[in-house]
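See below for query-v5.pdb, which holds PDB, C-alpha atoms.
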ATOM      1  CA  MET A   1       3.625 166.837  36.774
ATOM      2  CA  THR A   2       4.544 168.889  39.725
ATOM      3  CA  GLU A   3       7.817 168.418  41.521
ATOM      4  CA  PRO A   4       7.478 166.809  44.945
ATOM      5  CA  GLY A   5       8.088 169.281  47.751
ATOM      6  CA  PRO A   6      10.952 168.986  50.212
ATOM      7  CA  GLN A   7      10.676 165.993  52.519
ATOM      8  CA  ARG A   8       9.061 167.000  55.763
ATOM      9  CA  PRO A   9      11.273 165.790  58.605
ATOM     10  CA  ARG A  10       9.685 163.127  60.732
ATOM     11  CA  ALA A  11      10.677 164.903  63.929
ATOM     12  CA  THR A  12       8.528 167.959  63.155
ATOM     13  CA  THR A  13       5.540 165.734  62.365
ATOM     14  CA  ALA A  14       5.940 164.010  65.717
ATOM     15  CA  MET A  15       6.274 167.408  67.397
ATOM     16  CA  ASP A  16       3.084 168.628  65.721
ATOM     17  CA  GLY A  17       1.255 165.535  66.941
ATOM     18  CA  ALA A  18       2.494 166.038  70.496
ATOM     19  CA  ILE A  19       1.500 169.728  70.433
ATOM     20  CA  ALA A  20      -1.972 168.853  69.152
ATOM     21  CA  LEU A  21      -2.351 166.343  71.975
ATOM     22  CA  ILE A  22      -1.196 168.906  74.552
ATOM     23  CA  ALA A  23      -3.741 171.384  73.162
ATOM     24  CA  VAL A  24      -6.565 168.838  73.523
ATOM     25  CA  LEU A  25      -5.533 168.032  77.109
ATOM     26  CA  LEU A  26      -5.350 171.751  77.878
ATOM     27  CA  ILE A  27      -8.884 172.329  76.597
ATOM     28  CA  VAL A  28     -10.129 169.508  78.842
ATOM     29  CA  GLN A  29      -8.247 171.061  81.772
ATOM     30  CA  MET A  30      -9.800 174.495  81.091
ATOM     31  CA  TRP A  31     -13.260 172.973  80.998
ATOM     32  CA  LEU A  32     -12.503 171.137  84.262
ATOM     33  CA  LEU A  33     -11.412 174.369  85.965
ATOM     34  CA  MET A  34     -14.549 176.202  84.818
ATOM     35  CA  ALA A  35     -16.784 173.377  86.048
ATOM     36  CA  THR A  36     -14.953 173.275  89.391
ATOM     37  CA  VAL A  37     -15.322 177.037  89.904
ATOM     38  CA  GLU A  38     -19.022 176.773  89.115
ATOM     39  CA  SER A  39     -19.492 173.901  91.572
ATOM     40  CA  PHE A  40     -17.481 175.692  94.259
ATOM     41  CA  LEU A  41     -19.621 178.820  93.925
ATOM     42  CA  ALA A  42     -22.724 176.637  94.110
ATOM     43  CA  GLY A  43     -21.555 175.332  97.490
ATOM     44  CA  HIS A  44     -20.383 171.901  96.324
ATOM     45  CA  ALA A  45     -16.917 171.845  97.851
ATOM     46  CA  GLU A  46     -16.671 168.052  97.598
ATOM     47  CA  VAL A  47     -15.744 168.163  93.907
ATOM     48  CA  ALA A  48     -12.572 170.209  94.529
ATOM     49  CA  ALA A  49     -10.302 167.277  95.520
ATOM     50  CA  PRO A  50     -11.091 164.915  92.594
ATOM     51  CA  ALA A  51     -10.940 167.848  90.170
ATOM     52  CA  ALA A  52      -7.485 168.857  91.452
ATOM     53  CA  LEU A  53      -6.303 165.245  91.125
ATOM     54  CA  ILE A  54      -7.538 164.945  87.534
ATOM     55  CA  SER A  55      -6.022 168.344  86.706
ATOM     56  CA  ALA A  56      -2.678 167.135  88.113
ATOM     57  CA  LEU A  57      -2.855 164.025  85.918
ATOM     58  CA  LEU A  58      -3.618 166.149  82.856
ATOM     59  CA  PHE A  59      -0.696 168.427  83.657
ATOM     60  CA  ALA A  60       1.584 165.403  84.097
ATOM     61  CA  ALA A  61       0.531 164.175  80.646
ATOM     62  CA  CYS A  62       1.215 167.628  79.160
ATOM     63  CA  ALA A  63       4.628 167.772  80.857
ATOM     64  CA  GLY A  64       5.441 164.281  79.548
ATOM     65  CA  LEU A  65       4.534 165.292  76.012
ATOM     66  CA  TYR A  66       6.609 168.446  76.352
ATOM     67  CA  ALA A  67       9.573 166.349  77.521
ATOM     68  CA  PHE A  68       9.065 164.278  74.368
ATOM     69  CA  ILE A  69       9.186 167.456  72.254
ATOM     70  CA  GLU A  70      12.392 168.547  74.003
ATOM     71  CA  ARG A  71      13.967 165.156  73.363
ATOM     72  CA  LEU A  72      13.083 165.289  69.670
ATOM     73  CA  ASP A  73      14.499 168.800  69.448
ATOM     74  CA  ARG A  74      17.759 167.752  71.087
ATOM     75  CA  ALA A  75      18.060 164.720  68.818
ATOM     76  CA  ALA A  76      17.381 166.844  65.728
ATOM     77  CA  THR A  77      19.949 169.427  66.826
ATOM     78  CA  ARG A  78      22.559 166.701  67.384
ATOM     79  CA  SER A  79      21.948 165.153  63.979
ATOM     80  CA  ARG A  80      22.433 168.509  62.245
ATOM     81  CA  ARG A  81      25.849 169.089  63.837
TER      82      ARG A  81
ATOM     83  CA  MET B   1      29.706 188.850  65.602
ATOM     84  CA  LEU B   2      26.703 191.120  65.872
ATOM     85  CA  TRP B   3      24.511 189.317  63.321
ATOM     86  CA  LYS B   4      24.958 186.062  65.240
ATOM     87  CA  GLU B   5      23.638 187.723  68.383
ATOM     88  CA  GLU B   6      20.689 189.193  66.504
ATOM     89  CA  PHE B   7      19.883 185.962  64.661
ATOM     90  CA  SER B   8      20.897 183.343  67.163
ATOM     91  CA  VAL B   9      18.843 180.566  65.561
ATOM     92  CA  GLU B  10      19.715 179.094  62.191
ATOM     93  CA  ALA B  11      16.959 178.985  59.603
ATOM     94  CA  ALA B  12      17.004 175.172  59.531
ATOM     95  CA  GLN B  13      16.553 175.066  63.272
ATOM     96  CA  GLU B  14      13.707 177.548  63.404
ATOM     97  CA  ARG B  15      10.885 175.083  62.885
ATOM     98  CA  TYR B  16      12.074 173.107  65.908
ATOM     99  CA  VAL B  17      12.513 176.176  68.091
ATOM    100  CA  THR B  18       9.042 177.599  67.357
ATOM    101  CA  ARG B  19       7.400 174.230  68.059
ATOM    102  CA  ARG B  20       9.371 173.776  71.272
ATOM    103  CA  GLN B  21       8.461 177.260  72.463
ATOM    104  CA  PHE B  22       4.793 176.785  71.632
ATOM    105  CA  GLY B  23       4.828 173.436  73.453
ATOM    106  CA  LYS B  24       6.391 175.128  76.475
ATOM    107  CA  PHE B  25       3.743 177.859  76.420
ATOM    108  CA  LEU B  26       0.926 175.272  76.336
ATOM    109  CA  THR B  27       2.507 173.257  79.153
ATOM    110  CA  LEU B  28       2.895 176.353  81.334
ATOM    111  CA  THR B  29      -0.758 177.210  80.670
ATOM    112  CA  SER B  30      -1.624 173.697  81.805
ATOM    113  CA  LEU B  31       0.366 174.368  84.997
ATOM    114  CA  ALA B  32      -1.686 177.541  85.529
ATOM    115  CA  MET B  33      -4.905 175.513  85.210
ATOM    116  CA  LEU B  34      -3.586 173.083  87.827
ATOM    117  CA  ALA B  35      -2.740 176.021  90.113
ATOM    118  CA  GLY B  36      -6.342 177.223  89.745
ATOM    119  CA  ASN B  37      -7.702 173.826  90.752
ATOM    120  CA  VAL B  38      -5.338 173.615  93.737
ATOM    121  CA  TRP B  39      -6.411 177.120  94.783
ATOM    122  CA  ILE B  40     -10.068 176.052  94.783
ATOM    123  CA  LEU B  41      -9.142 172.957  96.798
ATOM    124  CA  LEU B  42      -7.435 175.146  99.421
ATOM    125  CA  ARG B  43     -10.374 177.557  99.498
ATOM    126  CA  SER B  44     -12.733 174.625 100.060
ATOM    127  CA  ALA B  45     -10.615 173.456 102.984
ATOM    128  CA  TRP B  46     -10.581 176.961 104.490
ATOM    129  CA  ARG B  47     -14.301 177.320 104.024
ATOM    130  CA  ARG B  48     -14.933 174.115 105.974
ATOM    131  CA  GLY B  49     -12.912 175.497 108.890
ATOM    132  CA  GLU B  50     -14.684 178.846 108.985
ATOM    133  CA  PRO B  51     -17.107 179.405 111.882
ATOM    134  CA  GLU B  52     -20.768 180.181 111.204
ATOM    135  CA  PRO B  53     -21.452 183.918 111.031
ATOM    136  CA  PRO B  54     -22.994 185.341 114.213
ATOM    137  CA  ALA B  55     -26.765 185.768 114.429
ATOM    138  CA  GLN B  56     -28.057 189.214 113.546
ATOM    139  CA  LEU B  57     -31.362 190.877 114.341
ATOM    140  CA  VAL B  58     -33.113 191.732 111.075
ATOM    141  CA  LEU B  59     -36.622 192.706 112.041
ATOM    142  CA  ARG B  60     -38.700 193.526 115.088
ATOM    143  CA  ALA B  61     -42.382 192.630 115.374
ATOM    144  CA  GLY B  62     -44.642 194.732 113.180
ATOM    145  CA  GLU B  63     -41.882 196.602 111.388
ATOM    146  CA  VAL B  64     -42.765 195.156 107.974
ATOM    147  CA  PRO B  65     -46.347 194.423 106.886
ATOM    148  CA  ALA B  66     -47.326 191.161 105.164
ATOM    149  CA  GLY B  67     -46.051 191.285 101.582
ATOM    150  CA  GLY B  68     -43.427 193.844 102.573
ATOM    151  CA  VAL B  69     -39.702 193.777 101.970
ATOM    152  CA  ARG B  70     -36.649 194.837 103.938
ATOM    153  CA  VAL B  71     -33.063 195.157 102.745
ATOM    154  CA  PHE B  72     -30.372 194.214 105.238
ATOM    155  CA  ARG B  73     -26.715 193.218 105.164
ATOM    156  CA  TYR B  74     -25.587 189.780 106.252
ATOM    157  CA  PRO B  75     -23.123 188.279 107.126
ATOM    158  CA  GLY B  76     -20.833 191.199 106.183
ATOM    159  CA  PRO B  77     -21.431 194.855 105.347
ATOM    160  CA  ASN B  78     -20.876 194.085 101.630
ATOM    161  CA  ASP B  79     -23.500 191.332 101.466
ATOM    162  CA  PRO B  80     -26.895 192.906 100.738
ATOM    163  CA  CYS B  81     -29.880 190.651 101.381
ATOM    164  CA  LEU B  82     -33.631 190.839 100.944
ATOM    165  CA  LEU B  83     -36.104 189.770 103.584
ATOM    166  CA  LEU B  84     -39.662 189.209 102.400
ATOM    167  CA  ARG B  85     -42.650 188.760 104.621
ATOM    168  CA  THR B  86     -44.698 186.227 102.673
ATOM    169  CA  GLY B  87     -47.470 185.772 105.252
ATOM    170  CA  PRO B  88     -48.561 186.867 108.709
ATOM    171  CA  ALA B  89     -45.799 184.841 110.341
ATOM    172  CA  SER B  90     -43.686 183.577 107.449
ATOM    173  CA  TYR B  91     -40.486 185.128 106.192
ATOM    174  CA  VAL B  92     -37.880 184.260 103.590
ATOM    175  CA  ALA B  93     -34.549 185.947 102.937
ATOM    176  CA  TYR B  94     -32.075 185.677 100.079
ATOM    177  CA  SER B  95     -28.852 187.308  99.024
ATOM    178  CA  GLN B  96     -29.664 190.270  96.841
ATOM    179  CA  LYS B  97     -26.778 189.552  94.456
ATOM    180  CA  CYS B  98     -27.822 187.739  91.304
ATOM    181  CA  THR B  99     -25.734 184.601  90.773
ATOM    182  CA  HIS B 100     -25.136 185.600  87.167
ATOM    183  CA  LEU B 101     -23.284 188.924  87.369
ATOM    184  CA  SER B 102     -24.161 190.184  90.867
ATOM    185  CA  CYS B 103     -26.815 192.715  89.871
ATOM    186  CA  ALA B 104     -29.319 193.493  92.640
ATOM    187  CA  VAL B 105     -32.464 191.379  92.521
ATOM    188  CA  TYR B 106     -35.850 192.638  93.733
ATOM    189  CA  PRO B 107     -39.401 191.289  93.960
ATOM    190  CA  SER B 108     -41.208 191.272  90.614
ATOM    191  CA  ASP B 109     -44.409 193.247  90.101
ATOM    192  CA  ASP B 110     -46.606 190.216  90.739
ATOM    193  CA  GLY B 111     -44.737 189.651  94.014
ATOM    194  CA  ARG B 112     -44.264 185.931  93.371
ATOM    195  CA  ARG B 113     -40.707 185.925  92.038
ATOM    196  CA  LEU B 114     -37.413 187.701  92.470
ATOM    197  CA  GLU B 115     -36.279 189.470  89.355
ATOM    198  CA  CYS B 116     -32.844 190.476  88.129
ATOM    199  CA  PRO B 117     -33.339 193.450  85.799
ATOM    200  CA  CYS B 118     -29.941 193.201  84.100
ATOM    201  CA  HIS B 119     -30.559 190.045  82.061
ATOM    202  CA  GLU B 120     -34.136 189.071  82.862
ATOM    203  CA  GLY B 121     -33.262 186.398  85.385
ATOM    204  CA  TYR B 122     -36.054 185.178  87.674
ATOM    205  CA  PHE B 123     -35.788 183.264  90.937
ATOM    206  CA  SER B 124     -38.461 181.424  92.881
ATOM    207  CA  LEU B 125     -39.602 183.125  96.045
ATOM    208  CA  ASP B 126     -40.162 179.724  97.686
ATOM    209  CA  ASP B 127     -36.643 178.308  97.499
ATOM    210  CA  GLY B 128     -34.510 180.697  95.437
ATOM    211  CA  ARG B 129     -34.161 178.340  92.459
ATOM    212  CA  VAL B 130     -33.691 179.765  88.974
ATOM    213  CA  LEU B 131     -36.958 180.007  87.042
ATOM    214  CA  GLN B 132     -35.729 181.747  83.940
ATOM    215  CA  GLY B 133     -32.738 183.499  82.440
ATOM    216  CA  PRO B 134     -28.971 183.171  82.576
ATOM    217  CA  PRO B 135     -28.258 182.778  86.330
ATOM    218  CA  PRO B 136     -26.409 179.461  86.756
ATOM    219  CA  ARG B 137     -27.247 178.860  90.414
ATOM    220  CA  PRO B 138     -30.026 179.481  92.934
ATOM    221  CA  LEU B 139     -29.803 182.540  95.165
ATOM    222  CA  PRO B 140     -27.980 181.898  98.441
ATOM    223  CA  ARG B 141     -30.640 181.610 101.115
ATOM    224  CA  ILE B 142     -30.344 183.352 104.452
ATOM    225  CA  LEU B 143     -31.403 181.089 107.294
ATOM    226  CA  LEU B 144     -33.896 182.816 109.583
ATOM    227  CA  GLU B 145     -35.040 182.170 113.098
ATOM    228  CA  GLN B 146     -38.019 183.732 114.857
ATOM    229  CA  ARG B 147     -37.350 184.577 118.483
ATOM    230  CA  GLY B 148     -40.426 185.992 120.107
ATOM    231  CA  GLY B 149     -41.650 188.543 117.614
ATOM    232  CA  GLU B 150     -38.182 189.178 116.204
ATOM    233  CA  VAL B 151     -36.612 187.728 113.084
ATOM    234  CA  TRP B 152     -32.912 186.848 113.218
ATOM    235  CA  ALA B 153     -30.531 185.858 110.450
ATOM    236  CA  VAL B 154     -28.509 182.880 111.667
ATOM    237  CA  GLY B 155     -26.634 181.553 108.633
ATOM    238  CA  VAL B 156     -26.226 181.405 104.867
ATOM    239  CA  HIS B 157     -27.097 178.434 102.716
ATOM    240  CA  ASP B 158     -24.863 178.870  99.669
ATOM    241  CA  GLY B 159     -26.414 178.113  96.364
ATOM    242  CA  LYS B 160     -28.140 174.854  97.251
ATOM    243  CA  VAL B 161     -31.906 174.708  97.074
ATOM    244  CA  LEU B 162     -33.402 173.868 100.430
ATOM    245  CA  SER B 163     -36.377 171.562 100.392
TER     246      SER B 163
END
What is this structure when it is put down as structure tokens?
Amino acid sequence: MTEPGPQRPRATTAMDGAIALIAVLLIVQMWLLMATVESFLAGHAEVAAPAALISALLFAACAGLYAFIERLDRAATRSRR
Amino acid sequence: MLWKEEFSVEAAQERYVTRRQFGKFLTLTSLAMLAGNVWILLRSAWRRGEPEPPAQLVLRAGEVPAGGVRVFRYPGPNDPCLLLRTGPASYVAYSQKCTHLSCAVYPSDDGRRLECPCHEGYFSLDDGRVLQGPPPRPLPRILLEQRGGEVWAVGVHDGKVLS
């Protein structure tokens, strides 16, 4: 039987989850920017406003998840002291 | 102590620091994407406020025979365009820059399409739409007006196919 490895702290698992979610949102945002540039060059300026709004929402979600990561980091640092 | 300055993060803390920094990097990249979208929004607003380019004489009567081609620049000196005389009194004009990577397009050998030699892109002579190849958009069409025997360029129709 193999020895069980060291317990993975819950905080790092939560951080990994949040980072994965940020990465997914970022990929969506990149795709949105590419599609908006393409539409703009094709003369469809009407898509610019909704695209900017959706991009702002995606950024807000990313910033919220990053704030969550910061909070976990602070809590973990406090518990180690 | 010097070693504390060099190694300011404890080993136990490292996994948190690297994750936090990576999260910050991703979030800042997300901010850059938002900035790009806002930039396009501002450009769209500016474009709406821009006046139409002034009319420009392209061709006088009899200068180009039926089936002939003339290269001209419109609306600016860095905007090469092609005017094609498709019939005795019919003309079409398009931007000469391919919408893929801006190579110069020219009429194909059969004279029925515009061809981009870089990546084998073909555009319709009737409305500038993409017939084949990698170009993502139709060629911008130059709006023409016939005044007497002269042909004038009076505007640019960006990317959209005119019916």
Convert the output of the PyMOL selection byres ((chain A and resi 45) around 9) on the shown file into explicit residues, formatted as a short mmCIF file (atom, residue, chain, number, x, y, z; two decimals) with C-alpha atoms, in the coordinates of the input.
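Saved as expr.cif:
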data_model
loop_
_atom_site.label_atom_id
_atom_site.label_comp_id
_atom_site.auth_asym_id
_atom_site.auth_seq_id
_atom_site.Cartn_x
_atom_site.Cartn_y
_atom_site.Cartn_z
CA THR A 36 -14.95 173.28 89.39
CA SER A 39 -19.49 173.90 91.57
CA PHE A 40 -17.48 175.69 94.26
CA LEU A 41 -19.62 178.82 93.92
CA ALA A 42 -22.72 176.64 94.11
CA GLY A 43 -21.56 175.33 97.49
CA HIS A 44 -20.38 171.90 96.32
CA GLU A 46 -16.67 168.05 97.60
CA VAL A 47 -15.74 168.16 93.91
CA ALA A 48 -12.57 170.21 94.53
CA ALA A 49 -10.30 167.28 95.52
CA ILE B 40 -10.07 176.05 94.78
CA LEU B 41 -9.14 172.96 96.80
CA ARG B 43 -10.37 177.56 99.50
CA SER B 44 -12.73 174.62 100.06
CA ALA B 45 -10.62 173.46 102.98
CA ARG B 47 -14.30 177.32 104.02
CA ARG B 48 -14.93 174.12 105.97
#
Exercise for review: Report the residues retrieved by the ChimeraX specification (/B :<8) & /A from the displayed file, expressed as a PyMOL selection string.
Suggested key: chain A and resi 12+15-16+19+22-23+26+29-30+33+36-37+40-43+45+48-49+51-52+55-56+58-59+62-63+66+69-70+73+77
Expected file: the selected residues, C-alpha atoms, as an mmCIF file, in the frame of the given file:
data_model
loop_
_atom_site.group_PDB
_atom_site.id
_atom_site.type_symbol
_atom_site.label_atom_id
_atom_site.label_comp_id
_atom_site.auth_asym_id
_atom_site.auth_seq_id
_atom_site.Cartn_x
_atom_site.Cartn_y
_atom_site.Cartn_z
ATOM 1 C CA THR A 12 8.528 167.959 63.155
ATOM 2 C CA MET A 15 6.274 167.408 67.397
ATOM 3 C CA ASP A 16 3.084 168.628 65.721
ATOM 4 C CA ILE A 19 1.500 169.728 70.433
ATOM 5 C CA ILE A 22 -1.196 168.906 74.552
ATOM 6 C CA ALA A 23 -3.741 171.384 73.162
ATOM 7 C CA LEU A 26 -5.350 171.751 77.878
ATOM 8 C CA GLN A 29 -8.247 171.061 81.772
ATOM 9 C CA MET A 30 -9.800 174.495 81.091
ATOM 10 C CA LEU A 33 -11.412 174.369 85.965
ATOM 11 C CA THR A 36 -14.953 173.275 89.391
ATOM 12 C CA VAL A 37 -15.322 177.037 89.904
ATOM 13 C CA PHE A 40 -17.481 175.692 94.259
ATOM 14 C CA LEU A 41 -19.621 178.820 93.925
ATOM 15 C CA ALA A 42 -22.724 176.637 94.110
ATOM 16 C CA GLY A 43 -21.555 175.332 97.490
ATOM 17 C CA ALA A 45 -16.917 171.845 97.851
ATOM 18 C CA ALA A 48 -12.572 170.209 94.529
ATOM 19 C CA ALA A 49 -10.302 167.277 95.520
ATOM 20 C CA ALA A 51 -10.940 167.848 90.170
ATOM 21 C CA ALA A 52 -7.485 168.857 91.452
ATOM 22 C CA SER A 55 -6.022 168.344 86.706
ATOM 23 C CA ALA A 56 -2.678 167.135 88.113
ATOM 24 C CA LEU A 58 -3.618 166.149 82.856
ATOM 25 C CA PHE A 59 -0.696 168.427 83.657
ATOM 26 C CA CYS A 62 1.215 167.628 79.160
ATOM 27 C CA ALA A 63 4.628 167.772 80.857
ATOM 28 C CA TYR A 66 6.609 168.446 76.352
ATOM 29 C CA ILE A 69 9.186 167.456 72.254
ATOM 30 C CA GLU A 70 12.392 168.547 74.003
ATOM 31 C CA ASP A 73 14.499 168.800 69.448
ATOM 32 C CA THR A 77 19.949 169.427 66.826
#
Report as a PDB file with C-alpha atoms, keeping the file's coordinate frame all protein, DNA and RNA residues lying within 9 Å of Tyr91 (chain B), evaluated on only C-alpha atoms, omitting residues in the same chain fewer than 6 positions from it.
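Final file, around36.pdb:
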ATOM      1  CA  LEU B  83     -36.104 189.770 103.584  1.00  0.00           C
ATOM      2  CA  LEU B  84     -39.662 189.209 102.400  1.00  0.00           C
ATOM      3  CA  ARG B  85     -42.650 188.760 104.621  1.00  0.00           C
ATOM      4  CA  LEU B 144     -33.896 182.816 109.583  1.00  0.00           C
ATOM      5  CA  VAL B 151     -36.612 187.728 113.084  1.00  0.00           C
TER       6      VAL B 151
END
Study note, to complete from the structure: In Å and to one decimal, CA of Ser95 (chain B) is distant from CA of Gly68 (chain B) by 16.4 Å
**Study point:** Length of the CA of Gln96 (chain B) to CA of Gly67 (chain B) vector [Å]
**Key:** 17.1 Å
Review point. So which residues get picked by the PyMOL selection byres ((chain B and resi 111) around 12) here, written as a list in words?
Key: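 This file gives the following for the PyMOL selection byres ((chain B and resi 111) around 12): Ala66, Gly67, Gly68, Val69, Leu84, Arg85, Thr86, Tyr106, Pro107, Ser108, Asp109, Asp110, Arg112, Arg113, Leu114, Glu115, Tyr122, Phe123, Ser124, Leu125 and Asp126 of chain B.
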Practice item. Record the distance separating CA of Pro50 (chain A) and CA of Trp46 (chain B), expressed in Å with one decimal. Key: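 Computing the Euclidean distance for CA of Pro50 (chain A) and CA of Trp46 (chain B) yields 16.9 Å.
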Near Phe72 (chain B), counting all atoms listed in the file, which residues have an atom at most 12 Å away, once you skip same-chain residues fewer than 4 positions from it, shown as a compact mmCIF listing (two decimals) with C-alpha atoms, in the frame of the given file?
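So result_2.txt came out as:
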# COMPACT_ATOMS: atom_id res chain seq x y z
CA GLN B 56 -28.06 189.21 113.55
CA LEU B 57 -31.36 190.88 114.34
CA VAL B 58 -33.11 191.73 111.08
CA LEU B 59 -36.62 192.71 112.04
CA GLY B 76 -20.83 191.20 106.18
CA PRO B 77 -21.43 194.86 105.35
CA ASN B 78 -20.88 194.08 101.63
CA ASP B 79 -23.50 191.33 101.47
CA PRO B 80 -26.90 192.91 100.74
CA CYS B 81 -29.88 190.65 101.38
CA LEU B 82 -33.63 190.84 100.94
CA LEU B 83 -36.10 189.77 103.58
CA LEU B 84 -39.66 189.21 102.40
CA ALA B 93 -34.55 185.95 102.94
CA TYR B 94 -32.08 185.68 100.08
CA SER B 95 -28.85 187.31 99.02
CA GLN B 96 -29.66 190.27 96.84
CA ILE B 142 -30.34 183.35 104.45
CA VAL B 151 -36.61 187.73 113.08
CA TRP B 152 -32.91 186.85 113.22
CA ALA B 153 -30.53 185.86 110.45
Exercise for review: Would you mind listing what lies within 7 Å of Leu72 (chain A) as a list of chain:residue names, with only C-alpha atoms counted and same-chain residues fewer than 4 positions away left out?
Suggested key: A:Ala11, A:Phe68, A:Ala76
For the residues selected in the previous step, produce a file with C-alpha atoms as a PDB file, in the frame of the given file.
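This is the output file selection22.pdb:
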ATOM      1  CA  ALA A  11      10.677 164.903  63.929  1.00  0.00           C
ATOM      2  CA  PHE A  68       9.065 164.278  74.368  1.00  0.00           C
ATOM      3  CA  ALA A  76      17.381 166.844  65.728  1.00  0.00           C
TER       4      ALA A  76
END
Could you give me the centre and size, in Å to one decimal, of an axis-aligned box around all listed atoms of region 68-84 of chain B with 5 Å added on every side, as lines of an AutoDock Vina configuration file?
center_x = -32.1
center_y = 191.7
center_z = 103.9
size_x = 32.6
size_y = 16.9
size_z = 16.4
Point to revise | Among the residues B:Gly155, B:Gly148, B:Gly49, B:Pro65, the one that comes closest to Pro88 (chain B) [using only C-alpha atoms] | key: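 Closest residue, counting only C-alpha atoms: B:Pro65.
In terms of minimum interatomic distance to Arg10 (chain A), A:Ala75 ranks closest within A:Ala35, A:Val24, A:Ala75, A:Ala61, counting all atoms listed in the file.
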